[in-house]
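Asker: Enclosed is the structure file entry.txt (compact mmCIF, C-alpha atoms).
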```
# COMPACT_ATOMS: atom_id res chain seq x y z
CA MET U 455 86.64 87.97 128.45
CA TYR U 456 86.90 84.95 126.14
CA PRO U 457 88.80 81.72 126.77
CA GLN U 458 92.21 81.27 125.16
CA LEU U 459 90.90 78.73 122.67
CA TYR U 460 88.32 81.17 121.31
CA ASN U 461 91.01 83.78 120.72
CA LEU U 462 93.29 81.19 119.11
CA VAL U 463 90.51 80.11 116.73
CA LYS U 464 89.98 83.75 115.76
CA GLN U 465 93.73 84.18 115.06
CA ARG U 466 94.10 81.10 112.84
CA TYR U 467 93.96 81.74 109.11
CA SER U 468 94.97 80.04 105.87
CA CYS U 469 98.54 81.24 105.47
CA ARG U 470 99.78 81.43 101.90
CA GLN U 471 102.98 83.44 102.35
CA TYR U 472 105.87 82.05 104.38
CA LEU U 473 109.31 83.23 105.37
CA ASP U 474 112.32 81.37 104.05
CA LYS U 475 113.12 80.11 107.53
CA PRO U 476 113.40 76.50 108.70
CA VAL U 477 111.07 75.16 111.38
CA GLY U 478 112.80 73.23 114.15
CA ARG U 479 112.00 69.56 114.52
CA ASP U 480 110.98 70.18 118.13
CA LEU U 481 108.20 72.54 116.97
CA ILE U 482 107.13 70.15 114.22
CA ALA U 483 106.98 67.32 116.77
CA ALA U 484 104.91 69.45 119.16
CA VAL U 485 102.42 70.26 116.39
CA LEU U 486 102.22 66.57 115.43
CA ASP U 487 101.71 65.49 119.02
CA THR U 488 98.48 67.49 119.19
CA ALA U 489 97.22 65.41 116.25
CA ARG U 490 98.16 62.24 118.09
CA LEU U 491 96.09 63.42 121.06
CA ALA U 492 93.01 64.27 118.97
CA PRO U 493 89.80 62.34 119.50
CA SER U 494 88.56 59.85 116.93
CA ALA U 495 85.47 57.70 116.55
CA CYS U 496 85.76 54.77 118.98
CA ASN U 497 89.40 55.83 119.52
CA ARG U 498 90.41 54.04 116.31
CA GLN U 499 92.96 56.76 115.36
CA PRO U 500 92.95 55.87 111.63
CA TRP U 501 95.73 58.31 110.78
CA GLU U 502 99.40 58.71 110.13
CA PHE U 503 101.34 61.88 109.35
CA LEU U 504 104.22 62.10 106.92
CA VAL U 505 106.62 65.03 107.42
CA ILE U 506 108.20 66.31 104.23
CA ASP U 507 110.96 68.82 105.00
CA THR U 508 113.72 67.96 102.53
CA ASP U 509 114.21 68.07 98.79
CA PRO U 510 113.44 66.37 96.43
CA LEU U 511 110.30 65.19 98.28
CA ARG U 512 109.21 68.80 98.90
CA GLY U 513 109.21 69.18 95.13
CA LYS U 514 107.00 66.13 94.74
CA VAL U 515 104.44 67.60 97.14
CA ILE U 516 104.58 70.93 95.33
CA GLU U 517 104.07 69.21 91.95
CA SER U 518 101.01 67.33 93.26
CA TYR U 519 99.35 70.67 94.04
CA GLY U 520 100.75 72.85 91.27
CA ARG U 521 100.38 76.30 92.81
CA ASP U 522 103.24 78.79 93.04
CA TRP U 523 102.54 79.99 96.58
CA VAL U 524 103.73 76.69 98.11
CA LYS U 525 107.20 76.80 96.55
CA ASN U 526 108.85 78.41 99.59
CA VAL U 527 107.00 76.41 102.27
CA PRO U 528 109.68 74.79 104.45
CA VAL U 529 107.63 71.85 105.77
CA PHE U 530 104.65 69.88 104.55
CA ILE U 531 102.70 67.49 106.73
CA VAL U 532 100.77 64.97 104.67
CA ALA U 533 97.81 63.69 106.65
CA LEU U 534 97.17 60.06 105.77
CA GLY U 535 94.07 58.00 106.37
CA ARG U 536 93.74 54.27 106.99
CA HIS U 537 90.20 53.31 106.05
CA ASP U 538 90.71 49.74 107.25
CA GLU U 539 91.27 51.04 110.80
CA ALA U 540 88.39 53.53 110.90
CA TRP U 541 85.12 53.13 112.72
CA LYS U 542 82.12 52.59 110.44
CA ARG U 543 78.67 53.62 111.62
CA PRO U 544 76.61 50.41 111.92
CA THR U 545 73.34 51.86 110.62
CA ASP U 546 74.71 52.89 107.21
CA GLY U 547 78.40 51.94 107.08
CA LYS U 548 79.61 55.55 106.97
CA ASP U 549 83.41 55.53 107.16
CA HIS U 550 84.76 58.11 109.64
CA THR U 551 88.37 58.22 108.39
CA ASP U 552 88.07 61.66 106.79
CA ILE U 553 86.26 63.05 109.83
CA ASP U 554 88.83 61.70 112.27
CA VAL U 555 91.77 62.93 110.19
CA ALA U 556 90.11 66.35 109.87
CA ILE U 557 89.83 66.65 113.65
CA ALA U 558 93.52 65.78 114.03
CA VAL U 559 94.54 68.23 111.30
CA GLU U 560 92.64 71.08 112.91
CA HIS U 561 94.34 70.28 116.21
CA MET U 562 97.66 70.72 114.36
CA CYS U 563 96.55 73.98 112.76
CA LEU U 564 95.53 75.46 116.11
CA ALA U 565 98.70 74.22 117.78
CA ALA U 566 100.79 75.79 115.01
CA THR U 567 98.95 79.09 115.44
CA SER U 568 99.71 79.03 119.17
CA MET U 569 103.42 78.66 118.26
CA ASN U 570 103.32 81.58 115.79
CA LEU U 571 103.48 79.21 112.83
CA GLY U 572 101.24 79.35 109.78
CA THR U 573 99.25 76.55 108.15
CA CYS U 574 96.73 76.06 105.39
CA TRP U 575 94.57 73.07 104.50
CA ILE U 576 95.27 71.76 101.00
CA CYS U 577 92.83 69.19 99.71
CA ASN U 578 92.91 70.03 95.98
CA PHE U 579 95.92 67.93 94.98
CA ASP U 580 96.58 64.94 92.76
CA ALA U 581 96.21 62.13 95.30
CA ALA U 582 97.24 59.35 92.90
CA ARG U 583 100.40 61.20 91.94
CA LEU U 584 101.27 62.00 95.54
CA THR U 585 100.63 58.39 96.58
CA ALA U 586 103.04 57.16 93.90
CA ASP U 587 105.67 59.86 94.49
CA LEU U 588 105.76 59.23 98.24
CA GLY U 589 105.66 55.45 97.88
CA LEU U 590 102.55 55.09 100.01
CA PRO U 591 101.47 51.48 100.51
CA GLU U 592 98.07 50.18 99.53
CA GLY U 593 95.39 51.17 102.04
CA ILE U 594 97.05 54.49 102.94
CA GLU U 595 95.27 57.52 101.47
CA PRO U 596 96.64 61.08 101.44
CA ILE U 597 93.75 63.17 102.74
CA ALA U 598 95.26 66.64 103.20
CA ILE U 599 98.53 68.48 102.82
CA ILE U 600 99.34 70.98 105.56
CA PRO U 601 102.04 73.54 104.78
CA LEU U 602 103.85 74.58 107.95
CA GLY U 603 106.15 77.53 108.41
CA TYR U 604 106.64 81.02 109.72
CA PRO U 605 104.13 83.45 108.20
CA ASP U 606 105.54 86.38 106.27
CA PRO U 607 104.68 89.36 108.52
CA THR U 608 104.64 91.72 105.52
CA ALA U 609 101.85 89.75 103.81
CA SER U 610 98.33 91.04 104.03
CA LEU U 611 96.01 88.75 105.95
CA PRO U 612 93.10 87.24 104.04
CA MET U 613 89.59 88.31 104.91
CA LYS U 614 87.76 85.82 107.10
CA ASN U 615 84.28 86.16 105.67
CA ARG U 616 82.04 84.08 107.86
CA LYS U 617 78.29 83.70 107.77
CA PRO U 618 76.46 85.41 110.63
CA PHE U 619 75.89 83.32 113.76
CA ASP U 620 72.10 83.24 113.31
CA GLN U 621 72.49 81.93 109.77
CA VAL U 622 74.44 78.84 110.83
CA VAL U 623 72.97 78.02 114.25
CA LYS U 624 69.50 76.62 114.76
CA TRP U 625 68.00 75.93 118.19
CA GLY U 626 65.78 72.88 118.64
CA VAL U 627 63.90 71.49 115.65
CA TYR U 628 65.09 72.77 112.29
```
Rewrite the structure from the file as structure tokens, please.

Answerer:
Amino acid sequence: MYPQLYNLVKQRYSCRQYLDKPVGRDLIAAVLDTARLAPSACNRQPWEFLVIDTDPLRGKVIESYGRDWVKNVPVFIVALGRHDEAWKRPTDGKDHTDIDVAIAVEHMCLAATSMNLGTCWICNFDAARLTADLGLPEGIEPIAIIPLGYPDPTASLPMKNRKPFDQVVKWGVY
């Protein structure tokens, strides 16, 4: 009845419980390739993605966020933005780095879901600490951390409370 994408979007959730099971590099690469293929304003692609799948760097990512639930995540993808490469809207100078990176990250999250992997957006982290700990050069900003792994099937799924359709969609003039 509904297209595959619609069903995939309905299945995706913010996974916060992972199995202690490594994710193969082939799957990680497939997830990352969907980010590479994502659209961006004027095709500037102002992003890079840093894969953190070994210690002690995993520990550095965990410390930048400071929540216990990430301690057993096998892989983190740090989505990086390059503001100097982003398109800026001419009328007001609005920088589209965060928007472009967000599109790429959601591509990764949906791809991971299609591969039976779990993800969660993390934006509440200490960006300055993570920048220093990962040795990021000037001009590279960590925008989001995406945990990636196999969801724990015994964990209860979070409720997806969404506003009703009519509350978020307007037709014509507001």

Asker: Please report the interatomic distance between atom CA of U:Tyr460 and atom CA of U:Thr567 in Å with one decimal.

Answerer: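 Taking atom CA of U:Tyr460 as the start and atom CA of U:Thr567 as the end point, the length is 12.3 Å.
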
Asker: As an mmCIF file with C-alpha atoms, keeping the file's coordinate frame, please: the residues near U:Arg536 (cut-off 10 Å, all atoms listed in the file, same-chain neighbours under 6 positions excluded).

Answerer:
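The resulting file, result35.cif, is shown below:
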```cif
data_model
loop_
_atom_site.group_PDB
_atom_site.id
_atom_site.type_symbol
_atom_site.label_atom_id
_atom_site.label_comp_id
_atom_site.auth_asym_id
_atom_site.auth_seq_id
_atom_site.Cartn_x
_atom_site.Cartn_y
_atom_site.Cartn_z
ATOM 1 C CA ARG U 498 90.410 54.040 116.310
ATOM 2 C CA GLN U 499 92.960 56.760 115.360
ATOM 3 C CA PRO U 500 92.950 55.870 111.630
ATOM 4 C CA TRP U 501 95.730 58.310 110.780
ATOM 5 C CA GLU U 502 99.400 58.710 110.130
ATOM 6 C CA THR U 551 88.370 58.220 108.390
ATOM 7 C CA ASP U 552 88.070 61.660 106.790
ATOM 8 C CA VAL U 555 91.770 62.930 110.190
ATOM 9 C CA GLU U 592 98.070 50.180 99.530
ATOM 10 C CA GLY U 593 95.390 51.170 102.040
ATOM 11 C CA ILE U 594 97.050 54.490 102.940
ATOM 12 C CA GLU U 595 95.270 57.520 101.470
ATOM 13 C CA PRO U 596 96.640 61.080 101.440
ATOM 14 C CA ILE U 597 93.750 63.170 102.740
#
```

Asker: Considering all atoms listed in the file, state which residue in the set U:Asp538, U:Val477, U:Leu602, U:Tyr628 is at the smallest distance from U:Leu564.

Answerer: U:Leu602

Asker: Quote the spacing between atom CA of U:Asp549 and atom CA of U:Ile506 in Å to one decimal place.

Answerer: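 Going from atom CA of U:Asp549 over to atom CA of U:Ile506, I get 27.2 Å.
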
Asker: Of the candidates U:Leu534, U:Gly478, U:Ile600, U:Asp554, which shows the shortest atom-to-atom distance to U:Phe503, using all atoms listed in the file?

Answerer: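 Among the listed residues, U:Leu534 lies closest to U:Phe503.
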
Asker: Using atom CA of U:Pro612 and atom CA of U:Cys469 as the two end points, give the distance in Å to one decimal.

Answerer: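 Spanning atom CA of U:Pro612 to atom CA of U:Cys469 is a straight-line distance of 8.2 Å.
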
Asker: Go through U:Pro544, U:Gly589, U:Gly535, U:Gly603 and flag the residue nearest U:Asn570, using only C-alpha atoms for the distances.

Answerer: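 Looking at the shortest contact to U:Asn570, the residue is U:Gly603.
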
Asker: May I ask which of the residues U:Leu459, U:Ile557, U:Cys563, U:Ala533 is the closest one to U:Thr585, counting all atoms listed in the file?

Answerer: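 Answer, going by the shortest atom-to-atom distance: U:Ala533.
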
Asker: Neighbouring residues of U:Asn526 were defined as those with any atom within 8 Å, considering all atoms listed in the file; residues of the same chain fewer than 5 positions away were excluded. Please report them as a ChimeraX atom specification.

Answerer: /U:472-474

Asker: Write out as a count of residues only which residues come within 9 Å of U:Arg512 when counting all atoms listed in the file, dropping same-chain ones fewer than 2 positions away.

Answerer: 14

Asker: Quick one: which stretch 541-567 of chain U residues come within 6 Å of stretch 484-496 of chain U, and what is the nearest atom pair for each with the distance in Å to one decimal, counting only C-alpha atoms, rows ordered by chain and ascending number, as a tab-separated table?

Answerer:
```
residue	atom	partner	partner_atom	distance
U:Trp541	CA	U:Ala495	CA	6.0
U:Asp554	CA	U:Ser494	CA	5.0
U:Ala558	CA	U:Ala489	CA	4.3
U:His561	CA	U:Ala489	CA	5.7
U:Met562	CA	U:Val485	CA	5.2
U:Ala565	CA	U:Val485	CA	5.6
U:Ala566	CA	U:Val485	CA	5.9
```

Asker: For C-alpha atoms, I'd like the residues from the last selection saved as a PDB file, in the frame of the given file.

Answerer:
```pdb
ATOM      1  CA  TRP U 541      85.120  53.130 112.720  1.00  0.00           C
ATOM      2  CA  ASP U 554      88.830  61.700 112.270  1.00  0.00           C
ATOM      3  CA  ALA U 558      93.520  65.780 114.030  1.00  0.00           C
ATOM      4  CA  HIS U 561      94.340  70.280 116.210  1.00  0.00           C
ATOM      5  CA  MET U 562      97.660  70.720 114.360  1.00  0.00           C
ATOM      6  CA  ALA U 565      98.700  74.220 117.780  1.00  0.00           C
ATOM      7  CA  ALA U 566     100.790  75.790 115.010  1.00  0.00           C
TER       8      ALA U 566
END
```

Asker: For each of U:Val622, U:Leu611, U:Leu571, U:Val532, take the minimum atom-to-atom distance to U:Leu584, counting only C-alpha atoms, then give the residue where this is smallest.

Answerer: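 Checking each candidate against U:Leu584, we get U:Val532 as the closest.
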